[in-house]
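The structure under discussion appears below in the form of structure tokens.
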Amino acid sequence: MKYRTVVMYMEIGCFVSCLCGWILVCSTLPTEYWTFSEVGSIVLTTSNYYSNLWRDCISDTTGVSDCKDYPSMLALPGFLHACRALAVCAVITGFFGGVLTLIGMKCTKIGGSEVANARVTFAGGLTYLFSGFCAMITYSWWANRVITEFLDPNFRAQKFELGAAVFVGWGGSVLLLAGGGVMTFFSGKEGLPSSSSDMPRRPRTYATARTRRTYMLPPASSRVTLVPPLFYEGRKTRTPRAPATTFRSYNRDDFV
């Protein structure tokens with residue numbers, strides 16, 4: 001199987017993994033079961049308290065339920081504002097990561113050359129990684145706060161436990177991180193220069209033997225003219241003949 005085909009199937013698998021993780025993260029935002037608590041009473045009714053980033057809810061065994069949004073935004077604790085911002089960033093960056101990945105994948109055939117598509121896919125993988133980190137920080141921070149309050153003996157207010165939405169969010173974050181990491185590794189290996197050998201080289205000019213000999217000649221003032229030796233030592237040098245006359249002048253008396 002060709003390397004390009006392997007990379008194409010890898011991109012499809014990572015994209016499906018990241019898309020499923022992004023959907024799971026998005027599904028936890030409107031869900032109220034981030035924390036829950038059960039309180040029994042004297043009568044045969046049990047009250048269930050549960051909440052999320054946006055509201056508090058209560059329900060009982062009779063089927064009556066009610067939810068109330070947080071009354072004041074400025075009166076909320078700082079960690080709640082941070083969790084909201086991180087969750088929204090995870091959703092937005094995950095959306096743009098999906099768009100970039102769809103443009104740069106080899107199976108979609110959108111864009112320019114193979115290197116350009118690999119770089120776009122690399123950017124999409126980084127965006128998915130950022131989305132996964134934001135989501136993981138959100139759910140881990142929320143879980144740490146709930147567990148700390150539950151195990152603190154000096155905490156006198158109502159104690160809560162982790163809800164189902166936190167575990168679903170953790171699963172979605174792991175899918176985002178795994179898919180984005182593998183996609184970033186393979187696309188970056190193909191689209192980005194990994195060493196100096198991959199960089200374009202400048203053409204080199206090589207001097208010929210004639211050129212090098214010309215550069216090595218001494219200055220014209222110090223040159224010595226060499227006379228080639230004779231083939232035989234006893235050979236005599238011929239005297240050059242006088243050039244023959246081409247035209248001859250005649251007088252009139254020569255023909256008499």
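Each chain in the structure tokens gets a letter, A, B, ..., in the order shown, and its residues are numbered from 1; ligands are numbered from 1 in order too.
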Residues of range 55-201 of chain A in helix (DSSP H, G or I), written as a ChimeraX atom specification = /A:78-104,114-151,164-191,196-198
For range 94-111 of chain A, please output as a list in words all residues within 8 Å (counting only C-alpha atoms; exclusion window: fewer than 3 positions along the same chain).
->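 Near neighbours after the sequence-gap exclusion: Met8, Glu11, Ile12, Phe15, Leu19, Trp22, Ala90, Val91, Glu114, Ala116, Asn117, Ala118, Arg119, Val120, Thr121, Ala123, Gly124, Gly125, Leu126, Thr127, Tyr128 and Ser131 of chain A.
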Contact residues around range 64-68 of chain A with only C-alpha atoms at 10 Å, ignoring same-chain residues under 2 positions, as a list in words | Glu32, Ser47, Asn48, Tyr49, Tyr50, Ser51, Trp54, Arg55, Asp56, Cys57, Ile58, Ser59, Asp60, Thr61, Thr62, Tyr70 and Pro71 of chain A
Pick out the closest residue to Ser187 in chain A from this set: A:Phe122, A:Ala87, A:Gly132, A:Val6. Count only C-alpha atoms.
->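 Selected residue with least distance to Ser187 in chain A: A:Phe122.
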From the list A:Val115, A:Ala135, A:Ala178, A:Met183, the nearest residue to Leu24 in chain A using only C-alpha atoms is A:Ala135
Gap from CA of Cys134 in chain A to CA of Pro30 in chain A - Å, one decimal = 17.4 Å
Atom-to-atom span, CA of Phe130 in chain A and CA of Thr184 in chain A, Å =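 If I compute the distance from CA of Phe130 in chain A to CA of Thr184 in chain A, I get 11.6 Å.
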Determine, counting only C-alpha atoms, which protein, DNA and RNA residues have an atom within 9 Å of an atom of Cys20 in chain A; residues of the same chain fewer than 4 positions away are not included. Present the result as a ChimeraX atom specification.
-> /A:15-16,24-25,172,175-176
Which distance in Å separates CA of Leu129 in chain A and CA of Cys26 in chain A, to one decimal?
->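 Atom-to-atom, CA of Leu129 in chain A to CA of Cys26 in chain A, that is 15.7 Å.
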Name all residues at most 12 Å from Ile147 in chain A (count only C-alpha atoms; drop same-chain ones fewer than 3 positions away) and give them as a list in words.
->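 Selected residues are Thr35, Ser140, Trp141, Trp142, Ala143, Asn144, Phe150, Leu151, Asp152, Pro153, Phe155, Lys159, Phe160, Glu161, Leu162 and Gly163 of chain A.
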Could those residues be written to a file, using all heavy atoms, as a CSV table (one decimal), in the first residue's frame?
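What ended up in again_27.csv:
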```
chain,number,residue,atom,x,y,z
A,35,THR,N,-22.9,18.4,38.3
A,35,THR,CA,-22.8,18.0,39.7
A,35,THR,C,-24.3,17.6,40.1
A,35,THR,O,-25.3,18.1,39.6
A,35,THR,CB,-22.3,19.1,40.6
A,35,THR,OG1,-23.2,20.3,40.4
A,35,THR,CG2,-20.9,19.5,40.3
A,140,SER,N,-11.4,19.0,34.2
A,140,SER,CA,-10.5,18.7,35.3
A,140,SER,C,-10.6,19.7,36.4
A,140,SER,O,-10.6,19.4,37.6
A,140,SER,CB,-9.1,18.5,34.8
A,140,SER,OG,-9.0,17.6,33.8
A,141,TRP,N,-10.7,21.0,36.1
A,141,TRP,CA,-10.8,22.0,37.1
A,141,TRP,C,-12.1,21.9,37.9
A,141,TRP,O,-12.2,22.0,39.1
A,141,TRP,CB,-10.7,23.4,36.4
A,141,TRP,CG,-10.4,24.5,37.3
A,141,TRP,CD1,-10.3,24.5,38.7
A,141,TRP,CD2,-10.1,25.9,37.0
A,141,TRP,NE1,-10.0,25.7,39.2
A,141,TRP,CE2,-9.9,26.6,38.2
A,141,TRP,CE3,-10.1,26.6,35.8
A,141,TRP,CZ2,-9.7,28.0,38.2
A,141,TRP,CZ3,-9.8,27.9,35.8
A,141,TRP,CH2,-9.6,28.6,37.0
A,142,TRP,N,-13.2,21.7,37.1
A,142,TRP,CA,-14.5,21.5,37.7
A,142,TRP,C,-14.5,20.3,38.7
A,142,TRP,O,-15.0,20.4,39.8
A,142,TRP,CB,-15.6,21.4,36.7
A,142,TRP,CG,-17.0,21.3,37.2
A,142,TRP,CD1,-17.6,20.1,37.6
A,142,TRP,CD2,-17.9,22.3,37.4
A,142,TRP,NE1,-18.9,20.4,38.0
A,142,TRP,CE2,-19.1,21.8,37.9
A,142,TRP,CE3,-17.9,23.7,37.1
A,142,TRP,CZ2,-20.2,22.5,38.2
A,142,TRP,CZ3,-19.0,24.5,37.4
A,142,TRP,CH2,-20.2,23.9,37.9
A,143,ALA,N,-14.0,19.2,38.2
A,143,ALA,CA,-13.9,18.0,39.1
A,143,ALA,C,-13.1,18.2,40.3
A,143,ALA,O,-13.4,17.7,41.4
A,143,ALA,CB,-13.4,16.8,38.2
A,144,ASN,N,-11.9,18.9,40.1
A,144,ASN,CA,-11.1,19.1,41.3
A,144,ASN,C,-11.8,20.0,42.3
A,144,ASN,O,-11.7,19.8,43.6
A,144,ASN,CB,-9.8,19.8,40.8
A,144,ASN,CG,-8.9,20.2,42.0
A,144,ASN,OD1,-8.4,19.3,42.6
A,144,ASN,ND2,-8.6,21.5,42.2
A,150,PHE,N,-16.1,18.2,48.6
A,150,PHE,CA,-16.7,17.0,49.1
A,150,PHE,C,-15.8,16.4,50.2
A,150,PHE,O,-16.4,15.9,51.2
A,150,PHE,CB,-17.0,16.0,48.0
A,150,PHE,CG,-17.8,14.8,48.5
A,150,PHE,CD1,-19.1,14.9,48.5
A,150,PHE,CD2,-17.1,13.6,48.9
A,150,PHE,CE1,-19.9,13.8,48.9
A,150,PHE,CE2,-17.9,12.5,49.3
A,150,PHE,CZ,-19.2,12.6,49.3
A,151,LEU,N,-14.5,16.4,50.0
A,151,LEU,CA,-13.6,15.8,51.0
A,151,LEU,C,-13.2,16.8,52.1
A,151,LEU,O,-12.5,16.3,53.1
A,151,LEU,CB,-12.4,15.3,50.3
A,151,LEU,CG,-12.6,14.2,49.3
A,151,LEU,CD1,-11.3,13.8,48.6
A,151,LEU,CD2,-13.3,13.0,49.9
A,152,ASP,N,-13.6,18.0,52.0
A,152,ASP,CA,-13.2,19.0,53.1
A,152,ASP,C,-14.1,18.9,54.3
A,152,ASP,O,-15.3,19.1,54.1
A,152,ASP,CB,-13.2,20.4,52.5
A,152,ASP,CG,-12.7,21.4,53.5
A,152,ASP,OD1,-12.1,21.0,54.5
A,152,ASP,OD2,-12.8,22.6,53.1
A,153,PRO,N,-13.6,18.5,55.4
A,153,PRO,CA,-14.5,18.4,56.6
A,153,PRO,C,-15.0,19.7,57.1
A,153,PRO,O,-16.0,19.7,57.9
A,153,PRO,CB,-13.6,17.7,57.7
A,153,PRO,CG,-12.2,18.0,57.3
A,153,PRO,CD,-12.2,18.1,55.8
A,155,PHE,N,-16.1,22.1,55.2
A,155,PHE,CA,-17.1,22.7,54.3
A,155,PHE,C,-18.5,22.4,54.8
A,155,PHE,O,-18.9,21.2,54.8
A,155,PHE,CB,-16.8,22.2,52.9
A,155,PHE,CG,-17.7,22.8,51.8
A,155,PHE,CD1,-17.4,24.1,51.4
A,155,PHE,CD2,-18.7,22.1,51.3
A,155,PHE,CE1,-18.1,24.7,50.4
A,155,PHE,CE2,-19.5,22.7,50.3
A,155,PHE,CZ,-19.2,24.0,49.8
A,159,LYS,N,-22.9,19.4,49.9
A,159,LYS,CA,-21.9,18.8,49.1
A,159,LYS,C,-22.4,18.1,47.9
A,159,LYS,O,-23.5,17.5,47.9
A,159,LYS,CB,-21.1,17.8,49.9
A,159,LYS,CG,-20.3,18.5,51.1
A,159,LYS,CD,-19.5,17.5,51.9
A,159,LYS,CE,-18.7,18.2,53.0
A,159,LYS,NZ,-17.9,17.3,53.8
A,160,PHE,N,-21.7,18.2,46.8
A,160,PHE,CA,-22.1,17.6,45.5
A,160,PHE,C,-21.1,16.5,45.1
A,160,PHE,O,-20.0,16.5,45.6
A,160,PHE,CB,-22.3,18.7,44.4
A,160,PHE,CG,-23.4,19.6,44.7
A,160,PHE,CD1,-23.2,20.8,45.4
A,160,PHE,CD2,-24.6,19.4,44.1
A,160,PHE,CE1,-24.2,21.7,45.6
A,160,PHE,CE2,-25.7,20.3,44.3
A,160,PHE,CZ,-25.5,21.4,45.1
A,161,GLU,N,-21.5,15.7,44.1
A,161,GLU,CA,-20.7,14.7,43.5
A,161,GLU,C,-20.6,15.0,42.0
A,161,GLU,O,-21.4,15.8,41.4
A,161,GLU,CB,-21.2,13.3,43.7
A,161,GLU,CG,-21.3,13.0,45.2
A,161,GLU,CD,-21.8,11.5,45.4
A,161,GLU,OE1,-22.0,10.8,44.4
A,161,GLU,OE2,-22.1,11.2,46.6
A,162,LEU,N,-19.7,14.3,41.3
A,162,LEU,CA,-19.5,14.5,39.9
A,162,LEU,C,-20.6,13.9,39.1
A,162,LEU,O,-21.1,12.8,39.4
A,162,LEU,CB,-18.2,13.8,39.5
A,162,LEU,CG,-16.9,14.4,40.0
A,162,LEU,CD1,-15.7,13.6,39.5
A,162,LEU,CD2,-16.7,15.9,39.7
A,163,GLY,N,-21.1,14.7,38.1
A,163,GLY,CA,-22.2,14.3,37.3
A,163,GLY,C,-21.7,13.5,36.0
A,163,GLY,O,-20.5,13.5,35.7
```
Going by DSSP on the backbone, which bits of range 18-182 of chain A are strand (DSSP E)? Write them as a list of chain:residue names, please.
->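 DSSP-assigned strand (DSSP E) residues in range 18-182 of chain A: A:Thr35, A:Phe36, A:Ser37, A:Glu38, A:Val39, A:Gly40, A:Thr46, A:Ser47, A:Asn48, A:Tyr49, A:Tyr50, A:Ser51, A:Arg55, A:Asp56, A:Cys57, A:Ile58, A:Ser59, A:Asp60, A:Ser65, A:Asp66, A:Cys67, A:Lys68, A:Asp69, A:Glu161, A:Leu162.
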Residue among A:Asn52, A:Thr31, A:Ser113, A:Thr138 lying closest to Phe79 in chain A, counting only C-alpha atoms |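 Checking each candidate against Phe79 in chain A, we get A:Thr138 as the closest.
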